Structure formats: structure tokens, C-alpha cells
file work-v5.txt (compact mmCIF, C-alpha atoms)
# COMPACT_ATOMS: atom_id res chain seq x y z
CA MET A 25 62.14 49.68 32.77
CA ASN A 26 63.74 49.76 36.21
CA ARG A 27 64.22 53.09 37.90
CA THR A 28 67.78 54.38 38.13
CA ILE A 29 69.37 56.94 40.45
CA GLU A 30 68.88 59.67 37.84
CA SER A 31 65.13 59.03 37.77
CA GLU A 32 64.68 59.45 41.53
CA GLN A 33 62.60 62.43 42.56
CA LEU A 34 63.87 65.50 44.34
CA THR A 35 62.39 65.91 47.80
CA ARG A 36 62.54 68.91 50.11
CA ARG A 37 65.28 67.15 52.07
CA THR A 38 67.43 66.37 49.02
CA PHE A 39 66.73 69.86 47.66
CA ARG A 40 68.28 71.42 50.76
CA ARG A 41 71.20 69.00 50.54
CA ALA A 42 71.71 69.93 46.89
CA LEU A 43 71.74 73.65 47.71
CA LYS A 44 74.49 73.08 50.28
CA TYR A 45 76.43 70.93 47.81
CA LEU A 46 76.26 73.67 45.17
CA SER A 47 77.12 76.43 47.63
CA ASP A 48 80.16 74.53 48.83
CA ARG A 49 81.45 74.06 45.28
CA ASP A 50 80.56 77.32 43.57
CA PRO A 51 80.97 80.68 45.35
CA ASP A 52 78.84 82.42 42.70
CA LEU A 53 75.86 80.17 43.37
CA ALA A 54 76.50 80.53 47.10
CA ARG A 55 76.30 84.32 46.71
CA VAL A 56 72.95 84.08 44.90
CA ILE A 57 71.54 81.91 47.68
CA ASP A 58 72.89 84.29 50.34
CA ASP A 59 71.55 87.38 48.56
CA TYR A 60 68.16 86.11 47.39
CA GLY A 61 67.42 83.11 49.58
CA HIS A 62 66.54 79.59 48.56
CA PRO A 63 64.82 79.31 45.18
CA PRO A 64 61.33 77.83 45.00
CA MET A 65 61.19 74.20 43.98
CA GLY A 66 58.64 75.13 41.31
CA LEU A 67 57.02 71.71 41.24
CA ARG A 68 54.20 70.81 38.87
CA LYS A 69 51.89 67.85 38.72
CA PRO A 70 52.89 65.26 36.10
CA GLY A 71 50.41 64.83 33.28
CA PHE A 72 48.79 66.26 30.18
CA SER A 73 47.85 69.67 31.57
CA THR A 74 51.41 70.41 32.67
CA LEU A 75 52.79 69.51 29.24
CA VAL A 76 50.26 71.86 27.63
CA TYR A 77 51.33 74.59 30.05
CA ILE A 78 55.01 74.08 29.17
CA ILE A 79 54.19 74.23 25.45
CA LEU A 80 52.42 77.53 26.10
CA GLU A 81 55.57 78.82 27.81
CA GLN A 82 57.67 78.31 24.69
CA GLN A 83 59.14 81.65 23.58
CA VAL A 84 56.67 83.87 25.48
CA SER A 85 56.65 85.55 28.88
CA LEU A 86 55.66 83.54 31.94
CA ALA A 87 52.76 85.94 32.57
CA SER A 88 51.38 85.50 29.05
CA ALA A 89 51.59 81.71 29.23
CA ARG A 90 49.91 81.70 32.63
CA ALA A 91 47.03 83.87 31.44
CA THR A 92 46.41 81.66 28.41
CA PHE A 93 46.59 78.51 30.49
CA ASP A 94 44.13 79.90 33.04
CA ARG A 95 41.65 80.75 30.28
CA LEU A 96 42.08 77.26 28.84
CA CYS A 97 41.34 75.66 32.19
CA GLU A 98 38.16 77.73 32.47
CA ALA A 99 37.03 76.57 29.01
CA ALA A 100 37.95 72.91 29.55
CA CYS A 101 37.55 71.87 33.15
CA PRO A 102 39.10 69.53 34.05
CA LEU A 103 41.66 69.80 31.26
CA THR A 104 42.01 66.48 29.44
CA PRO A 105 43.05 65.51 25.90
CA TYR A 106 39.41 64.84 25.05
CA ARG A 107 38.22 68.23 26.28
CA PHE A 108 41.07 69.97 24.50
CA LEU A 109 40.21 68.30 21.19
CA ALA A 110 36.60 69.39 21.63
CA LEU A 111 37.67 73.05 21.36
CA ASP A 112 37.80 74.31 17.78
CA ASP A 113 40.42 76.67 16.37
CA THR A 114 38.25 79.74 16.90
CA ALA A 115 37.79 78.94 20.57
CA LEU A 116 41.49 78.28 21.09
CA ASN A 117 42.44 81.47 19.27
CA ALA A 118 40.14 83.46 21.56
CA ILE A 119 41.80 81.81 24.55
CA GLY A 120 45.21 82.93 23.29
CA PHE A 121 46.59 79.97 21.35
CA SER A 122 48.65 80.66 18.25
CA ARG A 123 48.07 78.46 15.22
CA GLN A 124 51.35 76.67 15.92
CA LYS A 125 50.61 75.94 19.57
CA THR A 126 47.09 74.82 18.69
CA TYR A 127 48.67 72.28 16.34
CA TYR A 128 51.23 71.17 18.90
CA CYS A 129 48.66 70.61 21.64
CA ARG A 130 46.36 68.77 19.25
CA GLN A 131 49.25 66.47 18.35
CA LEU A 132 49.90 65.84 22.03
CA SER A 133 46.21 65.22 22.74
CA GLN A 134 45.89 62.77 19.86
CA ALA A 135 49.05 60.90 20.89
CA ILE A 136 47.74 60.43 24.42
CA ARG A 137 44.23 59.52 23.27
CA GLN A 138 45.62 56.93 20.83
CA LYS A 139 48.04 55.66 23.50
CA GLU A 140 51.09 56.49 21.41
CA LEU A 141 52.35 58.43 24.43
CA LYS A 142 51.75 57.02 27.91
CA LEU A 143 52.78 59.64 30.44
CA SER A 144 52.49 57.23 33.36
CA GLU A 145 55.21 55.11 31.75
CA ILE A 146 57.47 58.12 31.21
CA GLU A 147 57.72 58.47 34.98
CA ASN A 148 59.57 55.15 35.22
CA MET A 149 62.03 55.76 32.38
CA ASP A 150 65.58 57.00 32.66
CA ASN A 151 66.22 60.54 31.45
CA LYS A 152 67.48 59.64 27.98
CA THR A 153 64.58 57.30 27.23
CA ALA A 154 62.02 59.70 28.65
CA ARG A 155 63.35 62.53 26.48
CA SER A 156 63.28 60.30 23.43
CA GLU A 157 59.65 59.30 24.01
CA LEU A 158 58.49 62.86 24.69
CA THR A 159 60.27 64.40 21.70
CA LYS A 160 58.58 61.98 19.31
CA ILE A 161 55.58 64.31 19.60
CA LYS A 162 55.59 67.30 17.27
CA GLY A 163 55.94 70.43 19.37
CA ILE A 164 57.81 68.77 22.22
CA GLY A 165 61.47 69.58 21.69
CA PRO A 166 64.44 69.17 24.03
CA TRP A 167 63.56 72.27 26.08
CA THR A 168 59.94 71.20 26.69
CA ALA A 169 61.01 67.66 27.55
CA ASP A 170 63.68 68.90 29.95
CA ILE A 171 61.33 71.31 31.75
CA TYR A 172 58.83 68.47 32.18
CA LEU A 173 61.50 66.17 33.59
CA LEU A 174 62.82 68.91 35.86
CA MET A 175 59.58 70.35 37.22
CA ALA A 176 56.97 67.61 36.91
CA LEU A 177 59.07 64.47 37.36
CA ARG A 178 61.49 66.22 39.78
CA ARG A 179 64.60 64.68 38.24
CA PRO A 180 67.71 65.96 40.06
CA ASP A 181 70.19 66.36 37.21
CA ILE A 182 68.35 67.97 34.28
CA TRP A 183 70.08 70.90 32.59
CA PRO A 184 67.91 72.68 29.96
CA SER A 185 70.85 74.18 28.11
CA THR A 186 68.68 75.83 25.43
CA ASP A 187 66.87 77.98 28.01
CA LEU A 188 67.43 81.69 27.35
CA ALA A 189 66.97 82.79 30.96
CA LEU A 190 69.62 80.31 32.08
CA ALA A 191 72.03 81.66 29.49
CA VAL A 192 71.40 85.28 30.52
CA ALA A 193 71.68 84.51 34.24
CA THR A 194 74.85 82.48 33.76
CA GLN A 195 76.44 85.23 31.69
CA LYS A 196 75.75 87.83 34.38
CA LEU A 197 76.70 85.61 37.30
CA LYS A 198 79.94 84.39 35.75
CA LYS A 199 80.72 87.78 34.16
CA ILE A 200 81.12 86.27 30.69
CA PRO A 201 81.50 88.91 27.94
CA VAL A 202 79.42 86.96 25.42
CA ARG A 203 76.23 85.10 26.19
CA PRO A 204 77.21 81.41 26.49
CA ASP A 205 75.98 79.01 23.84
CA VAL A 206 74.72 75.50 24.55
CA ASP A 207 78.19 73.94 24.57
CA LYS A 208 79.55 76.58 26.92
CA LEU A 209 76.54 76.26 29.25
CA ASN A 210 77.04 72.51 29.38
CA GLU A 211 80.71 73.02 30.19
CA ILE A 212 79.92 75.48 32.98
CA SER A 213 77.27 73.19 34.45
CA HIS A 214 79.51 70.13 34.62
CA PRO A 215 80.76 70.75 38.21
CA TRP A 216 77.16 71.06 39.38
CA ARG A 217 76.39 67.41 38.66
CA PRO A 218 74.44 65.54 39.97
CA TRP A 219 72.26 68.49 41.03
CA ARG A 220 71.99 70.56 37.86
CA SER A 221 68.20 70.75 38.20
CA VAL A 222 68.75 72.61 41.46
CA ALA A 223 71.47 74.80 39.93
CA ALA A 224 68.99 75.74 37.19
CA ARG A 225 66.48 76.79 39.84
CA VAL A 226 69.11 78.93 41.57
CA LEU A 227 69.90 80.66 38.27
CA TRP A 228 66.23 81.23 37.42
CA HIS A 229 65.76 82.66 40.90
CA TYR A 230 68.69 85.00 40.27
CA TYR A 231 67.29 86.01 36.86
CA LEU A 232 63.81 86.77 38.20
CA SER A 233 65.02 88.45 41.38
CA ARG A 234 67.18 90.87 39.40

call {"tool": "encode", "arguments": {"input": "work-v5.txt", "output": "C-alpha cells"}}
result
Amino acid sequence: MNRTIESEQLTRRTFRRALKYLSDRDPDLARVIDDYGHPPMGLRKPGFSTLVYIILEQQVSLASARATFDRLCEAACPLTPYRFLALDDTALNAIGFSRQKTYYCRQLSQAIRQKELKLSEIENMDNKTARSELTKIKGIGPWTADIYLLMALRRPDIWPSTDLALAVATQKLKKIPVRPDVDKLNEISHPWRPWRSVAARVLWHYYLSR
């Protein structure tokens, strides 16, 4: 599949351009950037290990996910689907995996090993197709797919509207009485196109800085 504009990668140059674009169009985002500085790009290397890491981040603190991932990388170095599958449930539980996340990462490992999921091909797909391919795997839902597209594939206009931190940060920044739901978050994010991936980083930066 041919690459489209939406599948181009963010670079440091386009990241700076996107921050100016957002600042010019939204005074609230401009204030965050003025008060807290530029957000980190938060880039990750595409591949199996990053997807495992994102699965570990589901519904837990960043610190907890990081600690579990670090222990996993010590037990399976380098981390590959084959090495992951070689770890039994007892070993994974000791590392910090829940039963559910053990199952999810086994499903991912098997899909890659059996070539049902080819991550190198995902890189050349448009956003919609890439999401569809990723979410075929049990344990990879819309949030996990979006974070992978945003951080690992550096897509410029990904908006993970189910992310709790984004909802909390948007509520505070926009002074909304009730935490915005997915539809409201999508509505708010519309003017930030085609740089919603960068807007998300600004909001995460605001959330963590506060």
C-alpha cells in the first residue's frame, strides 16, 4: 500500500512547526507551552517490544508499567516473541504480569511468530488500515493501536480519545465542568488537525507537569 500524507513521520522540524501551528490557533495550548515548555516527543522504536510495553501500560501507572517492562527485558534479552513465549506463567507473574496481560502478550507473540501480524508492513499502511490490522489481535484495542501509531510510527494526526489523562488534562485546560467523553474530546480536538498527535503530547505534558 502506498504511503499517504497521514502516514508520514513526525520529525523534530515538523514537531516544532506543529507546536507553532497549535499555539497560533489555541491560546490554551499556547499557555501550556509558555508555562511548561515544549513537550518531549516521546518516541519509541517500532516493533514487538514497544507493543508489549504499551500493553503493560494499559490501566496502570507509567512507573508500574516501566518497572515490569524492565524486569521483562532482564529475563528475555533481547525481547522477541520467541523469548517471550519461552517464559511460563509463573515467571511472568513474578515479573509483574497479570493473567490478562500474559494472555494478551502471548496472543501478540503467536501472531507475529505465525506471520499473522507483520509489523514491518504496518509501517506502510494508512492510519485506518494500520489500526484495523493491529486490533485484530486480542489485547490490542483502539487505545493501544493509537499509542503505537503516535509514538512508534510517529504519525502526526493520531488522537487517542479514550485516554484518561487526555480527558483529565482537557477538562482542566478548557475549564469544562464535566470530564469530556470520547465524542466531546473528538469535537474539541477537531481544530488541532492535522497535528493532533502533537496536541496530545502538549496535553500529556500539562497533565504530568501539574

call {"tool": "residues_near_point", "arguments": {"input": "work-v5.txt", "point": "(48.1, 76.2, 32.9)", "cutoff": "10 Å", "atoms": "only C-alpha atoms", "output": "ChimeraX atom specification"}}
result
/A:73-81,89-97,103

call {"tool": "axis_aligned_box", "arguments": {"input": "work-v5.txt", "around": "stretch 111-126 of chain A", "padding_each_side": "8 Å", "output": "JSON"}}
result
{"center_x": 44.5, "center_y": 78.3, "center_z": 19.9, "size_x": 29.7, "size_y": 26.4, "size_z": 25.3}

call {"tool": "closest_atom_pairs", "arguments": {"input": "work-v5.txt", "of": "stretch 88-150 of chain A", "to": "stretch 174-182 of chain A", "cutoff": "10 Å", "atoms": "all atoms listed in the file", "output": "CSV"}}
result
residue,atom,partner,partner_atom,distance
A:Ile146,CA,A:Leu177,CA,9.0
A:Glu147,CA,A:Leu177,CA,6.6
A:Asn148,CA,A:Leu177,CA,9.6
A:Asp150,CA,A:Arg179,CA,9.5

call {"tool": "residues_near_point", "arguments": {"input": "work-v5.txt", "point": "(44.0, 62.2, 23.4)", "cutoff": "8 Å", "atoms": "all atoms listed in the file", "output": "VMD selection string"}}
result
chain A and resid 104 to 106 109 132 to 139

call {"tool": "closest_residue", "arguments": {"input": "work-v5.txt", "among": "A:Leu188, A:Tyr172, A:Arg234, A:Val226", "to": "A:Leu46", "atoms": "all atoms listed in the file"}}
result
A:Val226

call {"tool": "closest_residue", "arguments": {"input": "work-v5.txt", "among": "A:Gln195, A:Ser47, A:Thr35, A:Ser122", "to": "A:His62", "atoms": "all atoms listed in the file"}}
result
A:Ser47

call {"tool": "closest_residue", "arguments": {"input": "work-v5.txt", "among": "A:Ser185, A:Leu232, A:Gln82, A:Asp48", "to": "A:Ile212", "atoms": "all atoms listed in the file"}}
result
A:Ser185

call {"tool": "atom_distance", "arguments": {"input": "work-v5.txt", "atom1": "atom CA of A:Asp205", "atom2": "atom CA of A:Leu190"}}
result
10.5 Å

call {"tool": "closest_residue", "arguments": {"input": "work-v5.txt", "among": "A:Lys198, A:His229, A:Lys162, A:Arg217", "to": "A:Pro51", "atoms": "all atoms listed in the file"}}
result
A:Lys198

call {"tool": "closest_residue", "arguments": {"input": "work-v5.txt", "among": "A:Ala99, A:Ile161, A:Ile171, A:Leu209", "to": "A:Gly66", "atoms": "only C-alpha atoms"}}
result
A:Ile171

call {"tool": "atom_distance", "arguments": {"input": "work-v5.txt", "atom1": "atom CA of A:Arg49", "atom2": "atom CA of A:Leu173"}}
result
24.4 Å

call {"tool": "residues_around", "arguments": {"input": "work-v5.txt", "residues": "A:Tyr231", "least_positions_apart": "6", "cutoff": "10 Å", "atoms": "only C-alpha atoms", "output": "ChimeraX atom specification"}}
result
/A:189-194,196-197,225

call {"tool": "atom_distance", "arguments": {"input": "work-v5.txt", "atom1": "atom CA of A:Thr159", "atom2": "atom CA of A:Cys101"}}
result
26.5 Å

call {"tool": "closest_residue", "arguments": {"input": "work-v5.txt", "among": "A:Thr126, A:Ser233, A:Gln131, A:Thr153", "to": "A:Pro63", "atoms": "all atoms listed in the file"}}
result
A:Ser233

call {"tool": "residues_around", "arguments": {"input": "work-v5.txt", "residues": "A:Glu98", "least_positions_apart": "6", "cutoff": "12 Å", "atoms": "all atoms listed in the file", "output": "number ranges by chain"}}
result
A: 91-92, 107-108, 115-116, 119

call {"tool": "build_atoms", "arguments": {"input": "work-v5.txt", "residues": "stretch 132-164 of chain A", "atoms": "N, CA and C atoms", "output": "mmCIF file, in the frame of the given file"}}
result
data_model
loop_
_atom_site.group_PDB
_atom_site.id
_atom_site.type_symbol
_atom_site.label_atom_id
_atom_site.label_comp_id
_atom_site.auth_asym_id
_atom_site.auth_seq_id
_atom_site.Cartn_x
_atom_site.Cartn_y
_atom_site.Cartn_z
ATOM 1 N N LEU A 132 49.723 66.453 20.720
ATOM 2 C CA LEU A 132 49.900 65.840 22.030
ATOM 3 C C LEU A 132 48.622 65.136 22.485
ATOM 4 N N SER A 133 47.489 65.803 22.323
ATOM 5 C CA SER A 133 46.210 65.220 22.740
ATOM 6 C C SER A 133 45.912 63.935 21.976
ATOM 7 N N GLN A 134 46.142 63.959 20.679
ATOM 8 C CA GLN A 134 45.890 62.770 19.860
ATOM 9 C C GLN A 134 46.823 61.628 20.259
ATOM 10 N N ALA A 135 48.088 61.944 20.517
ATOM 11 C CA ALA A 135 49.050 60.900 20.890
ATOM 12 C C ALA A 135 48.655 60.222 22.191
ATOM 13 N N ILE A 136 48.162 61.004 23.148
ATOM 14 C CA ILE A 136 47.740 60.430 24.420
ATOM 15 C C ILE A 136 46.446 59.642 24.236
ATOM 16 N N ARG A 137 45.510 60.203 23.478
ATOM 17 C CA ARG A 137 44.230 59.520 23.270
ATOM 18 C C ARG A 137 44.431 58.193 22.545
ATOM 19 N N GLN A 138 45.363 58.148 21.591
ATOM 20 C CA GLN A 138 45.620 56.930 20.830
ATOM 21 C C GLN A 138 46.664 56.033 21.489
ATOM 22 N N LYS A 139 47.091 56.426 22.693
ATOM 23 C CA LYS A 139 48.040 55.660 23.500
ATOM 24 C C LYS A 139 49.401 55.491 22.827
ATOM 25 N N GLU A 140 49.738 56.460 21.971
ATOM 26 C CA GLU A 140 51.090 56.490 21.410
ATOM 27 C C GLU A 140 52.068 57.055 22.439
ATOM 28 N N LEU A 141 51.557 57.872 23.341
ATOM 29 C CA LEU A 141 52.350 58.430 24.430
ATOM 30 C C LEU A 141 51.638 58.108 25.740
ATOM 31 N N LYS A 142 52.323 57.394 26.617
ATOM 32 C CA LYS A 142 51.750 57.020 27.910
ATOM 33 C C LYS A 142 52.573 57.721 28.995
ATOM 34 N N LEU A 143 52.024 58.816 29.501
ATOM 35 C CA LEU A 143 52.780 59.640 30.440
ATOM 36 C C LEU A 143 53.083 58.907 31.740
ATOM 37 N N SER A 144 52.222 57.983 32.131
ATOM 38 C CA SER A 144 52.490 57.230 33.360
ATOM 39 C C SER A 144 53.740 56.367 33.206
ATOM 40 N N GLU A 145 54.025 55.916 31.984
ATOM 41 C CA GLU A 145 55.210 55.110 31.750
ATOM 42 C C GLU A 145 56.477 55.967 31.696
ATOM 43 N N ILE A 146 56.323 57.212 31.267
ATOM 44 C CA ILE A 146 57.470 58.120 31.210
ATOM 45 C C ILE A 146 58.088 58.276 32.602
ATOM 46 N N GLU A 147 57.249 58.258 33.619
ATOM 47 C CA GLU A 147 57.720 58.470 34.980
ATOM 48 C C GLU A 147 58.732 57.422 35.422
ATOM 49 N N ASN A 148 58.680 56.238 34.825
ATOM 50 C CA ASN A 148 59.570 55.150 35.220
ATOM 51 C C ASN A 148 60.757 54.960 34.284
ATOM 52 N N MET A 149 60.923 55.871 33.338
ATOM 53 C CA MET A 149 62.030 55.760 32.380
ATOM 54 C C MET A 149 63.220 56.579 32.846
ATOM 55 N N ASP A 150 64.413 56.177 32.403
ATOM 56 C CA ASP A 150 65.580 57.000 32.660
ATOM 57 C C ASP A 150 65.482 58.269 31.810
ATOM 58 N N ASN A 151 66.327 59.232 32.092
ATOM 59 C CA ASN A 151 66.220 60.540 31.450
ATOM 60 C C ASN A 151 66.305 60.457 29.928
ATOM 61 N N LYS A 152 67.271 59.717 29.425
ATOM 62 C CA LYS A 152 67.480 59.640 27.980
ATOM 63 C C LYS A 152 66.271 59.035 27.285
ATOM 64 N N THR A 153 65.735 57.957 27.839
ATOM 65 C CA THR A 153 64.580 57.300 27.230
ATOM 66 C C THR A 153 63.345 58.175 27.331
ATOM 67 N N ALA A 154 63.171 58.828 28.474
ATOM 68 C CA ALA A 154 62.020 59.700 28.650
ATOM 69 C C ALA A 154 62.051 60.853 27.652
ATOM 70 N N ARG A 155 63.219 61.455 27.471
ATOM 71 C CA ARG A 155 63.350 62.530 26.480
ATOM 72 C C ARG A 155 63.006 62.032 25.081
ATOM 73 N N SER A 156 63.517 60.856 24.758
ATOM 74 C CA SER A 156 63.280 60.300 23.430
ATOM 75 C C SER A 156 61.794 60.080 23.176
ATOM 76 N N GLU A 157 61.079 59.556 24.161
ATOM 77 C CA GLU A 157 59.650 59.300 24.010
ATOM 78 C C GLU A 157 58.876 60.617 23.888
ATOM 79 N N LEU A 158 59.204 61.586 24.713
ATOM 80 C CA LEU A 158 58.490 62.860 24.690
ATOM 81 C C LEU A 158 58.717 63.607 23.376
ATOM 82 N N THR A 159 59.954 63.608 22.893
ATOM 83 C CA THR A 159 60.270 64.400 21.700
ATOM 84 C C THR A 159 59.822 63.729 20.404
ATOM 85 N N LYS A 160 59.215 62.574 20.496
ATOM 86 C CA LYS A 160 58.580 61.980 19.310
ATOM 87 C C LYS A 160 57.341 62.776 18.906
ATOM 88 N N ILE A 161 56.795 63.540 19.848
ATOM 89 C CA ILE A 161 55.580 64.310 19.600
ATOM 90 C C ILE A 161 55.949 65.653 19.018
ATOM 91 N N LYS A 162 55.346 66.007 17.896
ATOM 92 C CA LYS A 162 55.590 67.300 17.270
ATOM 93 C C LYS A 162 55.233 68.412 18.235
ATOM 94 N N GLY A 163 56.178 69.328 18.441
ATOM 95 C CA GLY A 163 55.940 70.430 19.370
ATOM 96 C C GLY A 163 56.599 70.243 20.710
ATOM 97 N N ILE A 164 57.056 69.019 20.993
ATOM 98 C CA ILE A 164 57.810 68.770 22.220
ATOM 99 C C ILE A 164 59.280 68.581 21.812
#
